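Colleague: Dropping in entry_3.tsv, which is TSV, C-alpha atoms:
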```
chain	number	residue	atom	x	y	z
D	29	MET	CA	14.65	232.72	149.32
D	30	GLN	CA	13.37	230.10	151.73
D	31	LYS	CA	11.12	227.07	151.32
D	32	ILE	CA	8.66	227.01	154.21
D	33	PRO	CA	5.77	224.76	155.29
D	34	LEU	CA	2.49	226.44	154.37
D	35	MET	CA	1.43	226.22	158.02
D	36	THR	CA	4.14	228.76	158.88
D	37	ALA	CA	3.29	231.16	156.02
D	38	ARG	CA	1.96	234.55	157.19
D	39	ALA	CA	0.30	237.51	155.52
D	40	GLY	CA	2.85	240.00	154.23
D	41	MET	CA	5.42	237.42	153.02
D	42	ILE	CA	6.37	237.71	149.35
D	43	LEU	CA	6.38	234.65	147.07
D	44	ALA	CA	9.78	233.97	145.56
D	45	ARG	CA	8.60	231.29	143.10
D	46	ASP	CA	5.39	230.50	141.25
D	47	ILE	CA	3.07	228.02	142.96
D	48	PHE	CA	1.78	225.07	140.92
D	49	ARG	CA	-0.89	222.53	141.68
D	50	SER	CA	1.11	219.46	142.47
D	51	GLU	CA	-1.30	216.62	141.84
D	52	PHE	CA	-1.14	216.94	138.05
D	53	ALA	CA	1.82	215.80	136.00
D	54	ILE	CA	2.09	219.28	134.52
D	55	GLY	CA	1.04	221.47	137.41
D	56	MET	CA	-1.41	224.26	136.71
D	57	PRO	CA	-0.06	227.59	137.96
D	58	ILE	CA	-2.06	228.99	140.86
D	59	CYS	CA	-0.17	232.04	141.94
D	60	GLY	CA	2.77	233.96	140.49
D	61	LYS	CA	5.99	235.01	142.19
D	62	ASP	CA	6.29	238.47	143.78
D	63	THR	CA	2.71	238.11	145.06
D	64	GLU	CA	2.25	239.29	148.63
D	65	LEU	CA	0.54	236.63	150.75
D	66	THR	CA	-2.72	237.50	152.50
D	67	ASP	CA	-4.74	235.46	154.97
D	68	THR	CA	-7.36	234.73	152.31
D	69	LEU	CA	-4.73	233.56	149.86
D	70	ILE	CA	-3.11	231.31	152.46
D	71	ALA	CA	-6.49	229.75	153.24
D	72	ARG	CA	-7.04	229.11	149.52
D	73	LEU	CA	-3.65	227.48	149.17
D	74	GLU	CA	-4.50	225.29	152.13
D	75	ASN	CA	-7.70	224.21	150.39
D	76	LEU	CA	-5.71	223.39	147.28
D	77	LYS	CA	-3.50	221.12	149.42
D	78	VAL	CA	-0.35	223.12	148.73
D	79	GLN	CA	2.24	221.87	151.26
D	80	SER	CA	5.03	224.37	150.97
D	81	VAL	CA	5.88	227.71	149.36
D	82	TYR	CA	9.04	229.62	148.52
D	83	VAL	CA	9.20	233.10	150.01
D	84	GLU	CA	11.65	235.99	149.78
D	85	GLY	CA	14.28	236.43	152.47
D	86	HIS	CA	14.59	234.04	155.38
D	87	PRO	CA	11.52	234.87	157.48
D	88	VAL	CA	10.98	231.55	159.27
D	89	ARG	CA	13.48	230.22	161.75
D	90	GLU	CA	12.37	226.74	162.61
D	91	GLU	CA	14.74	226.04	165.44
D	92	GLY	CA	14.54	229.34	167.23
D	93	ASP	CA	16.43	232.35	166.03
D	94	ARG	CA	19.74	230.74	165.28
D	95	GLY	CA	22.59	231.35	162.92
D	96	LEU	CA	24.76	228.96	160.95
D	97	ASP	CA	27.34	228.57	163.72
D	98	ASP	CA	24.78	227.26	166.20
D	99	ILE	CA	23.30	224.89	163.65
D	100	LEU	CA	26.75	223.50	162.81
D	101	ARG	CA	27.51	223.07	166.51
D	102	ASP	CA	24.31	221.02	166.90
D	103	LEU	CA	25.27	218.94	163.89
D	104	ASP	CA	28.66	218.21	165.47
D	105	SER	CA	27.04	217.12	168.73
D	106	ARG	CA	24.70	214.73	166.90
D	107	PHE	CA	27.70	213.15	165.16
D	108	ILE	CA	29.83	212.99	168.29
D	109	LYS	CA	29.83	209.18	168.53
D	110	VAL	CA	30.61	208.49	164.89
D	111	ARG	CA	33.29	211.01	163.92
D	112	GLN	CA	35.88	208.21	163.77
D	113	ASP	CA	33.70	205.99	161.60
D	114	PRO	CA	34.86	206.53	158.00
D	115	LEU	CA	31.45	206.15	156.28
D	116	THR	CA	29.50	208.24	158.76
D	117	ALA	CA	32.24	210.89	158.87
D	118	LYS	CA	31.63	211.35	155.14
D	119	LEU	CA	27.96	211.98	155.86
D	120	HIS	CA	28.97	214.59	158.42
D	121	ASP	CA	31.03	216.44	155.82
D	122	ILE	CA	28.20	216.26	153.29
D	123	PHE	CA	25.78	217.76	155.82
D	124	THR	CA	28.22	220.51	156.81
D	125	ASP	CA	28.64	221.40	153.14
D	126	TYR	CA	24.90	221.40	152.55
D	127	LEU	CA	24.15	223.62	155.56
D	128	LYS	CA	26.89	226.09	154.65
D	129	ARG	CA	25.55	226.34	151.13
D	130	SER	CA	21.87	226.66	152.04
D	131	MET	CA	22.31	228.95	155.05
D	132	GLY	CA	25.45	230.75	153.96
D	133	GLU	CA	23.67	232.58	151.20
D	134	PHE	CA	21.74	234.51	153.81
D	135	GLY	CA	24.45	234.49	156.47
D	136	GLY	CA	22.04	233.63	159.26
D	137	ARG	CA	20.62	236.90	160.53
D	138	LYS	CA	22.12	239.21	157.97
D	139	THR	CA	18.98	239.50	155.86
D	140	ASP	CA	16.88	240.75	158.76
R	150	MET	CA	20.21	188.38	181.60
R	151	ASP	CA	19.21	188.99	185.22
R	152	GLU	CA	15.84	188.32	186.81
R	153	LYS	CA	14.47	191.84	186.46
R	154	GLN	CA	15.30	191.96	182.77
R	155	THR	CA	13.63	188.62	182.18
R	156	GLU	CA	10.56	189.82	184.03
R	157	LEU	CA	10.31	193.04	181.98
R	158	LYS	CA	10.87	191.21	178.74
R	159	LYS	CA	8.09	188.82	179.66
R	160	ILE	CA	5.66	191.70	180.25
R	161	ILE	CA	6.54	193.35	176.94
R	162	MET	CA	6.37	190.16	174.91
R	163	ASP	CA	3.07	189.01	176.42
R	164	THR	CA	0.68	188.58	173.50
R	165	LYS	CA	-2.40	188.76	175.69
R	166	THR	CA	-1.96	192.45	176.40
R	167	LEU	CA	-1.28	193.52	172.81
R	168	PRO	CA	-3.46	196.24	171.32
R	169	THR	CA	-6.20	194.19	169.68
R	170	LEU	CA	-6.72	193.86	165.98
R	171	PRO	CA	-10.03	195.02	164.55
R	172	SER	CA	-12.09	192.13	163.24
R	173	VAL	CA	-11.94	193.76	159.82
R	174	ILE	CA	-8.28	192.81	159.61
R	175	THR	CA	-9.00	189.15	160.25
R	176	LYS	CA	-11.50	189.18	157.41
R	177	LEU	CA	-9.05	191.03	155.20
R	178	ASN	CA	-6.35	188.49	155.97
R	179	SER	CA	-8.50	185.59	154.88
R	180	LEU	CA	-9.52	187.44	151.72
R	181	SER	CA	-6.02	188.44	150.70
R	182	ASP	CA	-4.88	184.82	151.05
R	183	ASN	CA	-7.50	183.87	148.50
R	184	ASP	CA	-6.35	184.48	144.90
R	185	LYS	CA	-9.87	184.91	143.66
R	186	SER	CA	-10.83	187.89	145.82
R	187	SER	CA	-10.85	191.27	144.12
R	188	VAL	CA	-9.51	194.61	145.31
R	189	GLN	CA	-13.07	195.95	145.35
R	190	GLU	CA	-14.17	193.20	147.67
R	191	MET	CA	-11.32	193.88	150.07
R	192	ALA	CA	-11.86	197.64	149.89
R	193	ARG	CA	-15.52	197.15	150.78
R	194	ILE	CA	-14.60	195.26	153.92
R	195	VAL	CA	-12.16	197.90	155.10
R	196	SER	CA	-14.58	200.73	154.24
R	197	SER	CA	-17.19	199.20	156.52
R	198	ASP	CA	-15.13	200.40	159.47
R	199	GLN	CA	-15.23	204.16	159.11
R	200	VAL	CA	-12.83	205.10	161.88
R	201	LEU	CA	-10.28	202.65	160.57
R	202	SER	CA	-10.74	203.87	156.99
R	203	ALA	CA	-10.20	207.46	158.07
R	204	ARG	CA	-6.98	206.53	159.84
R	205	ILE	CA	-5.73	204.54	156.87
R	206	LEU	CA	-6.49	207.35	154.45
R	207	ARG	CA	-4.70	209.85	156.65
R	208	LEU	CA	-1.56	207.71	156.58
R	209	ALA	CA	-1.98	207.00	152.86
R	210	ASN	CA	-2.04	210.77	152.28
R	211	SER	CA	1.09	211.32	154.34
R	212	PRO	CA	4.19	212.55	152.54
R	213	SER	CA	5.71	209.07	152.97
R	214	TYR	CA	3.99	207.94	149.81
R	215	GLY	CA	3.96	211.18	147.87
R	216	PHE	CA	0.44	210.81	146.46
R	217	TYR	CA	-1.81	213.45	147.90
R	218	ARG	CA	-5.56	213.10	147.82
R	219	VAL	CA	-5.94	209.37	148.05
R	220	SER	CA	-9.63	209.69	148.76
R	221	THR	CA	-10.96	206.14	148.91
R	222	ILE	CA	-9.78	202.82	150.29
R	223	SER	CA	-10.00	201.15	146.89
R	224	LYS	CA	-7.80	203.86	145.40
R	225	ALA	CA	-5.34	203.37	148.24
R	226	MET	CA	-5.28	199.64	147.55
R	227	ILE	CA	-4.55	200.18	143.88
R	228	LEU	CA	-1.93	202.90	144.43
R	229	LEU	CA	-0.19	201.46	147.46
R	230	GLY	CA	-0.97	197.77	147.21
R	231	VAL	CA	-3.04	195.50	149.43
R	232	ASN	CA	-0.03	194.68	151.61
R	233	VAL	CA	0.61	198.30	152.48
R	234	VAL	CA	-3.05	199.07	153.23
R	235	LYS	CA	-3.23	195.98	155.40
R	236	SER	CA	-0.10	196.98	157.30
R	237	LEU	CA	-1.42	200.51	157.82
R	238	ALA	CA	-4.71	199.09	159.08
R	239	ILE	CA	-2.90	196.80	161.49
R	240	SER	CA	-0.59	199.47	162.82
R	241	SER	CA	-3.06	202.36	162.89
R	242	SER	CA	-3.70	201.88	166.61
R	243	ILE	CA	0.03	202.28	167.24
R	244	PHE	CA	0.11	205.47	165.21
R	245	GLU	CA	-2.79	206.89	167.14
R	246	VAL	CA	-0.86	206.44	170.37
R	247	MET	CA	2.23	207.96	168.77
R	248	GLU	CA	0.42	211.04	167.46
R	249	LYS	CA	-1.04	211.77	170.85
R	250	ASN	CA	1.81	210.95	173.21
R	251	SER	CA	5.03	211.32	171.32
R	252	VAL	CA	5.02	213.82	168.53
R	253	GLY	CA	8.80	213.61	168.34
R	254	LEU	CA	8.76	209.87	167.61
R	255	TRP	CA	5.87	210.35	165.17
R	256	GLU	CA	7.90	212.93	163.23
R	257	HIS	CA	10.94	210.67	163.31
R	258	SER	CA	8.89	207.75	161.92
R	259	LEU	CA	7.17	209.85	159.30
R	260	GLY	CA	10.52	211.31	158.24
R	261	THR	CA	12.11	207.86	157.99
R	262	GLY	CA	9.16	206.71	155.85
R	263	VAL	CA	9.60	209.67	153.53
R	264	VAL	CA	13.35	209.21	153.18
R	265	SER	CA	12.98	205.43	152.66
R	266	ASN	CA	10.63	206.15	149.78
R	267	LEU	CA	12.99	208.79	148.40
R	268	ILE	CA	15.98	206.41	148.48
R	269	ALA	CA	13.96	203.56	146.96
R	270	ARG	CA	12.80	205.72	144.06
R	271	LYS	CA	16.18	207.29	143.49
R	272	LEU	CA	17.82	203.87	143.29
R	273	GLY	CA	14.96	202.52	141.18
R	274	LEU	CA	14.13	199.75	143.65
R	275	PRO	CA	10.93	197.75	143.25
R	276	GLU	CA	8.12	197.95	145.85
R	277	SER	CA	8.99	201.46	147.01
R	278	GLU	CA	5.63	201.77	148.81
R	279	GLU	CA	6.43	198.75	150.90
R	280	ILE	CA	9.87	200.12	151.69
R	281	ALA	CA	8.26	203.41	152.76
R	282	THR	CA	5.90	201.48	155.02
R	283	ALA	CA	8.79	199.60	156.61
R	284	GLY	CA	10.42	202.99	157.27
R	285	LEU	CA	7.23	204.35	158.77
R	286	LEU	CA	6.95	201.32	161.07
R	287	HIS	CA	10.63	200.76	161.95
R	288	ASP	CA	10.34	202.09	165.52
R	289	ILE	CA	6.97	200.59	166.54
R	290	GLY	CA	8.88	198.59	169.16
R	291	LYS	CA	9.46	201.84	171.06
R	292	VAL	CA	5.72	202.49	171.29
R	293	ILE	CA	5.08	198.98	172.57
R	294	ILE	CA	7.78	199.28	175.24
R	295	ASN	CA	6.25	202.60	176.28
R	296	LEU	CA	2.70	201.22	176.30
R	297	LYS	CA	3.44	198.12	178.28
R	298	CYS	CA	6.21	199.21	180.55
R	299	SER	CA	6.27	202.98	180.88
R	300	GLU	CA	8.39	202.76	184.04
R	301	ALA	CA	11.09	200.83	182.22
R	302	GLU	CA	10.89	203.38	179.43
R	303	CYS	CA	11.44	206.28	181.87
R	304	GLU	CA	14.45	204.43	183.22
R	305	VAL	CA	15.76	203.96	179.66
R	306	ARG	CA	15.43	207.70	179.01
R	307	ARG	CA	17.18	208.53	182.27
R	308	ILE	CA	20.13	206.31	181.38
R	309	VAL	CA	20.33	207.79	177.87
R	310	ASP	CA	20.67	211.26	179.43
R	311	GLU	CA	22.99	210.20	182.19
R	312	LYS	CA	25.40	207.96	180.32
R	313	LYS	CA	25.02	209.66	176.94
R	314	ILE	CA	24.47	206.37	175.14
R	315	TYR	CA	22.21	205.23	172.31
R	316	MET	CA	18.63	204.41	173.31
R	317	ARG	CA	19.18	200.90	172.06
R	318	GLU	CA	22.11	200.34	174.44
R	319	ALA	CA	20.02	201.67	177.33
R	320	GLU	CA	17.16	199.34	176.41
R	321	HIS	CA	19.53	196.37	176.52
R	322	GLU	CA	20.74	197.45	179.92
R	323	ILE	CA	17.25	197.75	181.41
R	324	ILE	CA	15.08	195.27	179.50
R	325	GLY	CA	17.64	192.93	178.01
R	326	THR	CA	16.25	193.45	174.54
R	327	ASP	CA	15.74	196.43	172.23
R	328	HIS	CA	12.99	198.17	170.25
R	329	ALA	CA	14.08	196.58	166.97
R	330	GLU	CA	13.66	193.08	168.37
R	331	VAL	CA	10.35	193.98	170.06
R	332	GLY	CA	9.11	195.58	166.82
R	333	GLY	CA	10.13	192.57	164.75
R	334	TRP	CA	8.42	190.25	167.20
R	335	LEU	CA	5.26	192.38	167.12
R	336	ALA	CA	5.28	192.44	163.31
R	337	LYS	CA	5.45	188.64	163.24
R	338	ASN	CA	2.68	188.38	165.80
R	339	TRP	CA	0.47	190.60	163.72
R	340	PHE	CA	1.31	188.55	160.61
R	341	LEU	CA	2.84	191.49	158.79
R	342	PRO	CA	4.67	190.25	155.70
R	343	ASP	CA	8.29	189.28	156.15
R	344	LYS	CA	9.46	192.10	153.89
R	345	LEU	CA	8.19	194.52	156.54
R	346	ALA	CA	9.06	192.48	159.63
R	347	GLU	CA	12.68	191.93	158.64
R	348	PRO	CA	13.60	195.61	158.06
R	349	ILE	CA	11.94	196.47	161.40
R	350	ASN	CA	13.83	193.70	163.17
R	351	CYS	CA	17.22	194.36	161.57
R	352	HIS	CA	17.38	198.12	161.03
R	353	HIS	CA	20.19	198.32	163.58
R	354	ASN	CA	21.89	195.14	162.38
R	355	VAL	CA	21.73	194.95	158.61
R	356	GLU	CA	24.02	191.92	158.46
R	357	ALA	CA	21.44	189.82	160.28
R	358	SER	CA	18.97	190.45	157.47
R	359	GLU	CA	18.92	187.44	155.14
R	360	ASN	CA	15.95	187.60	152.80
R	361	HIS	CA	15.25	191.33	152.50
R	362	ARG	CA	18.64	192.94	152.85
R	363	ILE	CA	17.99	195.68	150.29
R	364	LYS	CA	14.83	196.85	152.05
R	365	THR	CA	16.52	196.63	155.44
R	366	SER	CA	19.46	198.65	154.15
R	367	VAL	CA	17.20	201.40	152.85
R	368	VAL	CA	15.42	201.71	156.20
R	369	HIS	CA	18.76	201.72	158.04
R	370	ILE	CA	20.22	204.49	155.82
R	371	ALA	CA	16.97	206.49	156.06
R	372	ASP	CA	17.07	206.24	159.86
R	373	VAL	CA	20.70	207.47	159.90
R	374	LEU	CA	19.91	210.36	157.52
R	375	ILE	CA	16.89	211.51	159.52
R	376	LYS	CA	18.86	211.42	162.76
R	377	ALA	CA	21.68	213.32	161.08
R	378	SER	CA	19.28	216.05	160.01
R	379	GLY	CA	17.95	216.37	163.56
R	380	PHE	CA	14.33	216.00	162.42
R	381	GLY	CA	11.91	214.64	165.04
R	382	ASP	CA	13.00	212.88	168.22
R	383	SER	CA	13.70	209.17	168.34
R	384	GLY	CA	14.76	209.02	171.99
R	385	ASP	CA	18.43	209.97	171.75
R	386	SER	CA	20.10	212.58	169.60
R	387	TYR	CA	23.12	210.56	168.42
R	388	VAL	CA	23.58	209.59	164.79
R	389	PRO	CA	24.22	205.83	164.56
R	390	PRO	CA	27.10	204.61	162.39
R	391	ILE	CA	26.32	203.76	158.77
R	392	GLN	CA	26.71	200.00	158.44
R	393	GLN	CA	29.06	198.74	155.77
R	394	ALA	CA	26.64	195.94	154.86
R	395	ALA	CA	23.96	198.51	153.96
R	396	TRP	CA	26.43	200.71	152.06
R	397	ASP	CA	27.52	197.69	150.00
R	398	ALA	CA	24.03	196.28	149.46
R	399	LEU	CA	22.80	199.58	147.97
R	400	LYS	CA	26.14	200.30	146.21
R	401	LEU	CA	26.23	203.80	147.70
R	402	ASN	CA	28.84	206.48	147.15
R	403	GLU	CA	29.42	210.01	148.40
R	404	GLN	CA	27.75	211.58	145.38
R	405	ILE	CA	24.51	209.64	145.90
R	406	ILE	CA	24.45	210.43	149.63
R	407	ALA	CA	24.90	214.14	148.86
R	408	GLU	CA	21.88	213.94	146.54
R	409	PHE	CA	19.84	212.15	149.23
R	410	VAL	CA	20.66	214.91	151.73
R	411	GLU	CA	19.65	217.64	149.32
R	412	ASP	CA	16.34	215.96	148.34
R	413	MET	CA	15.58	215.01	151.93
R	414	GLU	CA	15.93	218.54	153.32
R	415	GLU	CA	13.58	219.83	150.59
R	416	LYS	CA	11.05	217.13	151.37
R	417	LEU	CA	11.21	217.55	155.15
R	418	VAL	CA	9.60	220.99	154.83
R	419	GLU	CA	6.48	219.20	153.58
R	420	VAL	CA	6.68	216.57	156.30
R	421	LYS	CA	6.82	219.32	158.91
R	422	ASN	CA	3.71	220.87	157.38
R	423	PHE	CA	1.86	217.56	157.50
R	424	SER	CA	2.78	217.06	161.13
R	425	LEU	CA	1.85	220.66	162.08
R	426	GLU	CA	-1.54	220.22	160.40
R	427	LEU	CA	-2.17	217.01	162.33
R	428	GLN	CA	-1.24	218.59	165.64
R	429	GLN	CA	-3.46	221.54	164.96
R	430	SER	CA	-6.38	219.32	164.06
R	431	CYS	CA	-5.83	217.41	167.32
R	432	VAL	CA	-5.99	220.62	169.37
R	433	ALA	CA	-8.94	222.20	167.58
R	434	PRO	CA	-11.14	219.81	165.63
R	435	PRO	CA	-12.74	221.52	162.63
R	436	SER	CA	-16.29	222.55	163.45
```
Take the structure from the file and write it as structure tokens.
Modeller:
Amino acid sequence: MQKIPLMTARAGMILARDIFRSEFAIGMPICGKDTELTDTLIARLENLKVQSVYVEGHPVREEGDRGLDDILRDLDSRFIKVRQDPLTAKLHDIFTDYLKRSMGEFGGRKTD
Amino acid sequence: MDEKQTELKKIIMDTKTLPTLPSVITKLNSLSDNDKSSVQEMARIVSSDQVLSARILRLANSPSYGFYRVSTISKAMILLGVNVVKSLAISSSIFEVMEKNSVGLWEHSLGTGVVSNLIARKLGLPESEEIATAGLLHDIGKVIINLKCSEAECEVRRIVDEKKIYMREAEHEIIGTDHAEVGGWLAKNWFLPDKLAEPINCHHNVEASENHRIKTSVVHIADVLIKASGFGDSGDSYVPPIQQAAWDALKLNEQIIAEFVEDMEEKLVEVKNFSLELQQSCVAPPS
């Protein structure tokens, strides 16, 4: 399952969670899970100001077609100046953990 | 500071060449100083400038505030407060430049606004809309440096690449000042309230913040988190160190930071969508 910006949703993707209207305190359901997206449906969701949807698999790769290893390497290079700083090093570990958990489930390209 | 630096600083800090303020803002300023004026009255003044209203509403509907469909200026004033609407009106010209010329910086600013709001709400801080606005505006100094001295800015970027240093360090080397100071100065010149000017001025030096340390700390932490996630482009790709003063002021711990990271990454999907929509509408205006 992946949460994607609606702008990157394409016909053929399968919804992994129900979509609710977000502007009400108790959102009205608009579309159930397991529905296959079509261009018309995507346009309707756009009109309803839906910002993001959950879809099956891991169809959208925002930063090119990259696996967990590459993403972790980028993370390390962003933190290169602050690895010795105790507070910021903690943040690095938290991010590494988060990425492993959220990407690890799909093992990068394995779901393709 | 050598002669060249002084010269560049003078150009950047010259008030005569600042992007001008719409006359609406001057009227709004005099009204908001008067206790007797009503929100409706102020909203009517802003609404009289349609281009400005459209820009304000677009920012008010950005994920930084989390209310979608703010459809009128008077609603925006009630939901976000007069201060926030005024600040958005004042800075809307800056955002226009940012959207067109530096999408990376626009995404970085938008992201920092969103995360500032998220932190403020999570910690139950008052005036979360104002904190979000400070986050949104924290790097306006960079736009001003770019606008007034694009050559110096190119030089700054070259040094960042060459020496692999923070943008702020490069700015000091070339201009003898940095974007935080320029932004803070600009905020004061535009009469933005101190609770916005101080976080802009001190987001790289939380200890220097005296009256609004909590707000400054939130913006600082939000900036660090956004840079850590690699969202947008603020000029260099290096995560700055988390400042102890901010950590203490907000009484942070590892658990809370882990929650911030989780919530932020969820939210950034929406921010990306907002930014993609804007870019698309810039390329092909709806017929």
Colleague: Using all atoms listed in the file, select each residue of chain D with any atom at most 7 Å away from an atom of chain R, and give the selection as JSON, numbers by chain.
Modeller: {"D": [32, 33, 34, 35, 51, 79, 80, 106, 107, 109, 110, 113, 115, 116, 122]}
Colleague: Those residues with C-alpha atoms, as a PDB file, keeping the file's coordinate frame please?
Modeller:
```pdb
ATOM      1  CA  ILE D  32       8.660 227.010 154.210  1.00  0.00           C
ATOM      2  CA  PRO D  33       5.770 224.760 155.290  1.00  0.00           C
ATOM      3  CA  LEU D  34       2.490 226.440 154.370  1.00  0.00           C
ATOM      4  CA  MET D  35       1.430 226.220 158.020  1.00  0.00           C
ATOM      5  CA  GLU D  51      -1.300 216.620 141.840  1.00  0.00           C
ATOM      6  CA  GLN D  79       2.240 221.870 151.260  1.00  0.00           C
ATOM      7  CA  SER D  80       5.030 224.370 150.970  1.00  0.00           C
ATOM      8  CA  ARG D 106      24.700 214.730 166.900  1.00  0.00           C
ATOM      9  CA  PHE D 107      27.700 213.150 165.160  1.00  0.00           C
ATOM     10  CA  LYS D 109      29.830 209.180 168.530  1.00  0.00           C
ATOM     11  CA  VAL D 110      30.610 208.490 164.890  1.00  0.00           C
ATOM     12  CA  ASP D 113      33.700 205.990 161.600  1.00  0.00           C
ATOM     13  CA  LEU D 115      31.450 206.150 156.280  1.00  0.00           C
ATOM     14  CA  THR D 116      29.500 208.240 158.760  1.00  0.00           C
ATOM     15  CA  ILE D 122      28.200 216.260 153.290  1.00  0.00           C
TER      16      ILE D 122
END
```
Colleague: D:Leu43: which residues within 9 Å, counting all atoms listed in the file, same-chain residues fewer than 2 positions away excluded, as a PyMOL selection string?
Modeller: chain D and resi 29+41+45-47+59-65+81-84
Colleague: To one decimal place, how far is atom CA of D:Glu74 from atom CA of R:Ser251 in Å?
Modeller: 25.6 Å
Colleague: Quote the spacing between atom CA of R:Val233 and atom CA of R:Glu276 in Å to one decimal place.
Modeller: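 So the two atoms, atom CA of R:Val233 and atom CA of R:Glu276, lie 10.0 Å apart.
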Colleague: Please indicate the distance in Å from atom CA of R:Ser213 to atom CA of R:Ala283, rounded to one decimal place.
Modeller: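 One can read the atom CA of R:Ser213 to atom CA of R:Ala283 distance as 10.6 Å.
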Colleague: If we count all atoms listed in the file and set the cut-off at 7 Å, which residues sit around stretch 189-201 of chain R, ignoring sequence neighbours fewer than 5 positions away in its own chain? Please answer as a tab-separated table (two decimals) with C-alpha atoms, in the coordinates of the input.
Modeller:
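Output saved as selection_28.tsv:
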```
chain	number	residue	atom	x	y	z
R	173	VAL	CA	-11.94	193.76	159.82
R	177	LEU	CA	-9.05	191.03	155.20
R	180	LEU	CA	-9.52	187.44	151.72
R	222	ILE	CA	-9.78	202.82	150.29
R	223	SER	CA	-10.00	201.15	146.89
R	238	ALA	CA	-4.71	199.09	159.08
```
Colleague: Hey, can you pull every residue with an atom no more than 7 Å from (9.6, 201.2, 151.7), using all atoms listed in the file, and send it as a list in words?
Modeller: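 Every residue inside that radius is included here: Gly262, Ser265, Asn266, Ala269, Glu276, Ser277, Glu278, Glu279, Ile280, Ala281, Thr282, Ala283, Gly284 and Lys364 of chain R.
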Colleague: Might you pull out every residue within 10 Å of stretch 340-354 of chain R, with all atoms listed in the file counted and same-chain residues fewer than 4 positions away left off, and present them as a ChimeraX atom specification?
Modeller: /R:178,232-233,235-236,239-240,279-290,317,327-336,358-373,389-392,394-395
Colleague: Residues within 9 Å of R:Val231, please, as a PyMOL selection string. Count all atoms listed in the file; anything in the same chain fewer than 6 positions from it doesn't count.
Modeller: chain R and resi 181+188+191+225
